[in-house]
Amino acid sequence: MSKFLSFGDDARRIAEADAVAVIGLGRFGTSLALELMASGTDVLGVDDDADVVQSLNGELTQVVRADATRLEVLQQLSIGEFDRVVVSIGNDITASILTASLLLKMNVPVIWAKAVDERHGAVLEQLGVHRVIYPEKDMGRRVAHLVRGAAADYLEIDRGFAIVKTVAPQSLHGISLADAHVRAEHGVTVAAYRSERGEWSNASPDTVLSPGDTMLVVGPINRVEKFAQLR
């Protein structure tokens, strides 16, 4: 237990800096933690595997080897003082559920938890976890839409609604979006655009697109996919 206690003060300081604690540093947890660090967010990483912890030493604000299924350990790590905690334990569903339960008992304001399947997710939701995520399932759905469609990128915002990145079709070249009647004709909205060598800009009814321009289009999934296939 003493191995964990020395990290308490450091973890408390990280929590006070509006950081995120990531519990479980497998492929998803590590990727998430590193991306948060790259965006300027301090991260406390927690995992029970010494090799994993050692590999991330110096990569995260603080990384600790600890058993997150024990309340006293979480308390010593000041996890209860974090506003946001992500449980990304994927190889041990029991540990994931127990950890999430303890975090709820500690009244952590926002808890995200990774689920490996629907049953796992259902239990997390019943516990009261604020946001349950399905990384493998969500990535599979995203790739499926990219494979079968013509979009350069795809993001499902909510069930049945998405935003896609696609090249401006010939029918939009040289005329304003208002005159092209995009929403009326296709049931989608062009939210932003970028010229071949320019930066992203918000689209407006007066926006005129040129060959090679890229757009972000928002709307129902079936409509944005159909629109992305226009050339």
# chains A, B, ... in the order shown; residues from 1 in each chain; ligands from 1
$ residues_around --residues "Arg84 of chain A" --least-positions-apart "5" --cutoff "8 Å" --atoms "only C-alpha atoms" --output "PyMOL selection string"
chain A and resi 19-21+108-112
$ residues_around --residues "Gly24 of chain A" --least-positions-apart "4" --cutoff "7 Å" --atoms "only C-alpha atoms" --output "number ranges by chain"
A: 29, 46-47, 87-89
$ write_last_selection --atoms "all heavy atoms" --output "CSV table (one decimal), in the first residue's frame"
chain,number,residue,atom,x,y,z
A,29,GLY,N,-7.2,3.4,-23.4
A,29,GLY,CA,-6.9,4.4,-22.3
A,29,GLY,C,-5.6,5.1,-22.6
A,29,GLY,O,-5.5,6.3,-22.3
A,46,VAL,N,-3.7,5.7,-14.3
A,46,VAL,CA,-3.7,4.6,-13.2
A,46,VAL,C,-3.8,3.3,-13.9
A,46,VAL,O,-4.8,3.1,-14.7
A,46,VAL,CB,-4.8,4.8,-12.2
A,46,VAL,CG1,-4.8,3.7,-11.2
A,46,VAL,CG2,-4.8,6.2,-11.6
A,47,ASP,N,-3.0,2.3,-13.6
A,47,ASP,CA,-3.0,1.0,-14.1
A,47,ASP,C,-2.3,0.1,-13.1
A,47,ASP,O,-1.5,0.5,-12.3
A,47,ASP,CB,-2.4,0.9,-15.5
A,47,ASP,CG,-2.8,-0.3,-16.2
A,47,ASP,OD1,-2.2,-1.4,-16.0
A,47,ASP,OD2,-3.7,-0.2,-17.1
A,87,VAL,N,-13.0,5.5,-16.9
A,87,VAL,CA,-12.7,4.1,-16.6
A,87,VAL,C,-12.6,3.4,-17.9
A,87,VAL,O,-13.5,3.1,-18.6
A,87,VAL,CB,-13.8,3.5,-15.7
A,87,VAL,CG1,-13.4,2.0,-15.4
A,87,VAL,CG2,-14.0,4.3,-14.4
A,88,SER,N,-11.3,3.1,-18.3
A,88,SER,CA,-11.1,2.5,-19.6
A,88,SER,C,-10.6,1.0,-19.4
A,88,SER,O,-9.8,0.5,-20.2
A,88,SER,CB,-10.1,3.3,-20.4
A,88,SER,OG,-8.9,3.6,-19.7
A,89,ILE,N,-11.0,0.4,-18.3
A,89,ILE,CA,-10.6,-1.0,-18.1
A,89,ILE,C,-11.4,-1.9,-19.0
A,89,ILE,O,-12.6,-1.9,-18.9
A,89,ILE,CB,-10.9,-1.4,-16.6
A,89,ILE,CG1,-10.1,-0.5,-15.6
A,89,ILE,CG2,-10.5,-2.9,-16.4
A,89,ILE,CD1,-10.5,-0.7,-14.2
$ select_by_dssp --residues "segment 66-202 of chain A" --states "strand (DSSP E)" --output "ChimeraX atom specification"
/A:84-87,110-114,131-133,153-158,161-167,189-194,201-202
$ select_by_dssp --residues "segment 168-231 of chain A" --states "helix (DSSP H, G or I)" --output "PyMOL selection string"
chain A and resi 170-172+177-180+182-186+221-228
$ atom_distance --atom1 "atom CA of Arg194 of chain A" --atom2 "atom CA of Asp213 of chain A"
5.6 Å
$ closest_residue --among "A:Leu146, A:Val85, A:Leu74, A:Ala192" --to "Ile221 of chain A" --atoms "only C-alpha atoms"
A:Leu146
$ closest_residue --among "A:Ile133, A:Val64, A:Val208, A:Met139" --to "Glu118 of chain A" --atoms "only C-alpha atoms"
A:Ile133
$ residues_around --residues "Ser171 of chain A" --least-positions-apart "2" --cutoff "12 Å" --atoms "only C-alpha atoms" --output "number ranges by chain"
A: 167-169, 173-177, 179-182, 185-186, 208-211, 227, 230-231
$ write_last_selection --atoms "N, CA, C and O atoms" --output "PDB file, in the first residue's frame"
ATOM      1  N   VAL A 167     -15.823  16.366 -50.697  1.00  0.00           N
ATOM      2  CA  VAL A 167     -15.445  17.365 -51.699  1.00  0.00           C
ATOM      3  C   VAL A 167     -16.700  17.997 -52.289  1.00  0.00           C
ATOM      4  O   VAL A 167     -17.711  17.321 -52.505  1.00  0.00           O
ATOM      5  N   ALA A 168     -16.643  19.300 -52.542  1.00  0.00           N
ATOM      6  CA  ALA A 168     -17.787  20.007 -53.117  1.00  0.00           C
ATOM      7  C   ALA A 168     -18.117  19.446 -54.495  1.00  0.00           C
ATOM      8  O   ALA A 168     -17.252  19.387 -55.373  1.00  0.00           O
ATOM      9  N   PRO A 169     -19.361  19.023 -54.720  1.00  0.00           N
ATOM     10  CA  PRO A 169     -19.740  18.470 -56.024  1.00  0.00           C
ATOM     11  C   PRO A 169     -19.833  19.565 -57.085  1.00  0.00           C
ATOM     12  O   PRO A 169     -19.955  20.756 -56.772  1.00  0.00           O
ATOM     13  N   HIS A 173     -20.411  24.369 -57.713  1.00  0.00           N
ATOM     14  CA  HIS A 173     -19.298  25.237 -58.126  1.00  0.00           C
ATOM     15  C   HIS A 173     -19.805  26.544 -58.722  1.00  0.00           C
ATOM     16  O   HIS A 173     -20.659  26.550 -59.610  1.00  0.00           O
ATOM     17  N   GLY A 174     -19.283  27.646 -58.197  1.00  0.00           N
ATOM     18  CA  GLY A 174     -19.535  28.942 -58.810  1.00  0.00           C
ATOM     19  C   GLY A 174     -20.846  29.607 -58.461  1.00  0.00           C
ATOM     20  O   GLY A 174     -21.156  30.683 -58.990  1.00  0.00           O
ATOM     21  N   ILE A 175     -21.653  29.001 -57.597  1.00  0.00           N
ATOM     22  CA  ILE A 175     -22.905  29.643 -57.182  1.00  0.00           C
ATOM     23  C   ILE A 175     -22.990  29.630 -55.662  1.00  0.00           C
ATOM     24  O   ILE A 175     -22.336  28.819 -54.989  1.00  0.00           O
ATOM     25  N   SER A 176     -23.772  30.526 -55.111  1.00  0.00           N
ATOM     26  CA  SER A 176     -23.901  30.585 -53.661  1.00  0.00           C
ATOM     27  C   SER A 176     -24.702  29.392 -53.155  1.00  0.00           C
ATOM     28  O   SER A 176     -25.501  28.791 -53.884  1.00  0.00           O
ATOM     29  N   LEU A 177     -24.487  29.069 -51.894  1.00  0.00           N
ATOM     30  CA  LEU A 177     -25.232  27.965 -51.288  1.00  0.00           C
ATOM     31  C   LEU A 177     -26.726  28.268 -51.264  1.00  0.00           C
ATOM     32  O   LEU A 177     -27.556  27.371 -51.405  1.00  0.00           O
ATOM     33  N   ASP A 179     -28.394  29.997 -53.538  1.00  0.00           N
ATOM     34  CA  ASP A 179     -28.927  29.761 -54.885  1.00  0.00           C
ATOM     35  C   ASP A 179     -28.936  28.280 -55.247  1.00  0.00           C
ATOM     36  O   ASP A 179     -29.723  27.836 -56.098  1.00  0.00           O
ATOM     37  N   ALA A 180     -28.052  27.517 -54.603  1.00  0.00           N
ATOM     38  CA  ALA A 180     -27.992  26.074 -54.891  1.00  0.00           C
ATOM     39  C   ALA A 180     -29.095  25.305 -54.178  1.00  0.00           C
ATOM     40  O   ALA A 180     -29.359  24.145 -54.511  1.00  0.00           O
ATOM     41  N   HIS A 181     -29.754  25.951 -53.193  1.00  0.00           N
ATOM     42  CA  HIS A 181     -30.861  25.338 -52.460  1.00  0.00           C
ATOM     43  C   HIS A 181     -30.473  23.968 -51.888  1.00  0.00           C
ATOM     44  O   HIS A 181     -31.214  22.988 -52.018  1.00  0.00           O
ATOM     45  N   VAL A 182     -29.289  23.942 -51.245  1.00  0.00           N
ATOM     46  CA  VAL A 182     -28.756  22.668 -50.751  1.00  0.00           C
ATOM     47  C   VAL A 182     -29.704  22.008 -49.752  1.00  0.00           C
ATOM     48  O   VAL A 182     -30.006  20.818 -49.858  1.00  0.00           O
ATOM     49  N   GLU A 185     -32.994  20.910 -51.530  1.00  0.00           N
ATOM     50  CA  GLU A 185     -32.817  19.857 -52.520  1.00  0.00           C
ATOM     51  C   GLU A 185     -32.296  18.543 -51.926  1.00  0.00           C
ATOM     52  O   GLU A 185     -32.657  17.458 -52.370  1.00  0.00           O
ATOM     53  N   HIS A 186     -31.429  18.667 -50.916  1.00  0.00           N
ATOM     54  CA  HIS A 186     -30.738  17.471 -50.428  1.00  0.00           C
ATOM     55  C   HIS A 186     -31.004  17.154 -48.958  1.00  0.00           C
ATOM     56  O   HIS A 186     -30.601  16.091 -48.475  1.00  0.00           O
ATOM     57  N   VAL A 208     -19.630  30.704 -51.830  1.00  0.00           N
ATOM     58  CA  VAL A 208     -19.515  30.156 -53.188  1.00  0.00           C
ATOM     59  C   VAL A 208     -18.343  29.173 -53.190  1.00  0.00           C
ATOM     60  O   VAL A 208     -17.222  29.533 -52.837  1.00  0.00           O
ATOM     61  N   LEU A 209     -18.608  27.952 -53.580  1.00  0.00           N
ATOM     62  CA  LEU A 209     -17.587  26.914 -53.570  1.00  0.00           C
ATOM     63  C   LEU A 209     -16.945  26.752 -54.942  1.00  0.00           C
ATOM     64  O   LEU A 209     -17.555  27.054 -55.968  1.00  0.00           O
ATOM     65  N   SER A 210     -15.708  26.272 -54.927  1.00  0.00           N
ATOM     66  CA  SER A 210     -14.935  26.080 -56.157  1.00  0.00           C
ATOM     67  C   SER A 210     -14.482  24.632 -56.262  1.00  0.00           C
ATOM     68  O   SER A 210     -14.494  23.892 -55.269  1.00  0.00           O
ATOM     69  N   PRO A 211     -14.047  24.197 -57.453  1.00  0.00           N
ATOM     70  CA  PRO A 211     -13.539  22.831 -57.601  1.00  0.00           C
ATOM     71  C   PRO A 211     -12.396  22.564 -56.624  1.00  0.00           C
ATOM     72  O   PRO A 211     -11.503  23.400 -56.455  1.00  0.00           O
ATOM     73  N   PHE A 227     -25.490  12.623 -50.268  1.00  0.00           N
ATOM     74  CA  PHE A 227     -24.923  13.883 -50.758  1.00  0.00           C
ATOM     75  C   PHE A 227     -23.423  13.738 -51.032  1.00  0.00           C
ATOM     76  O   PHE A 227     -22.894  14.292 -51.988  1.00  0.00           O
ATOM     77  N   LEU A 230     -22.328  12.679 -54.521  1.00  0.00           N
ATOM     78  CA  LEU A 230     -22.454  13.570 -55.679  1.00  0.00           C
ATOM     79  C   LEU A 230     -21.085  13.954 -56.193  1.00  0.00           C
ATOM     80  O   LEU A 230     -20.141  14.148 -55.435  1.00  0.00           O
ATOM     81  N   ARG A 231     -20.964  14.105 -57.479  1.00  0.00           N
ATOM     82  CA  ARG A 231     -19.689  14.500 -58.085  1.00  0.00           C
ATOM     83  C   ARG A 231     -19.929  15.577 -59.141  1.00  0.00           C
ATOM     84  O   ARG A 231     -21.038  15.773 -59.606  1.00  0.00           O
TER      85      ARG A 231
END
$ residues_around --residues "Asn57 of chain A" --least-positions-apart "2" --cutoff "12 Å" --atoms "only C-alpha atoms" --output "MDAnalysis selection string"
chainID A and resid 30 34 43:47 50:55 59:65
$ atom_distance --atom1 "atom CA of Asn202 of chain A" --atom2 "atom CA of Ala38 of chain A"
25.4 Å
$ closest_residue --among "A:Phe28, A:Phe82, A:Tyr154, A:Tyr134" --to "Val224 of chain A" --atoms "only C-alpha atoms"
A:Tyr154
$ atom_distance --atom1 "atom CA of Arg197 of chain A" --atom2 "atom CA of Ile163 of chain A"
21.9 Å
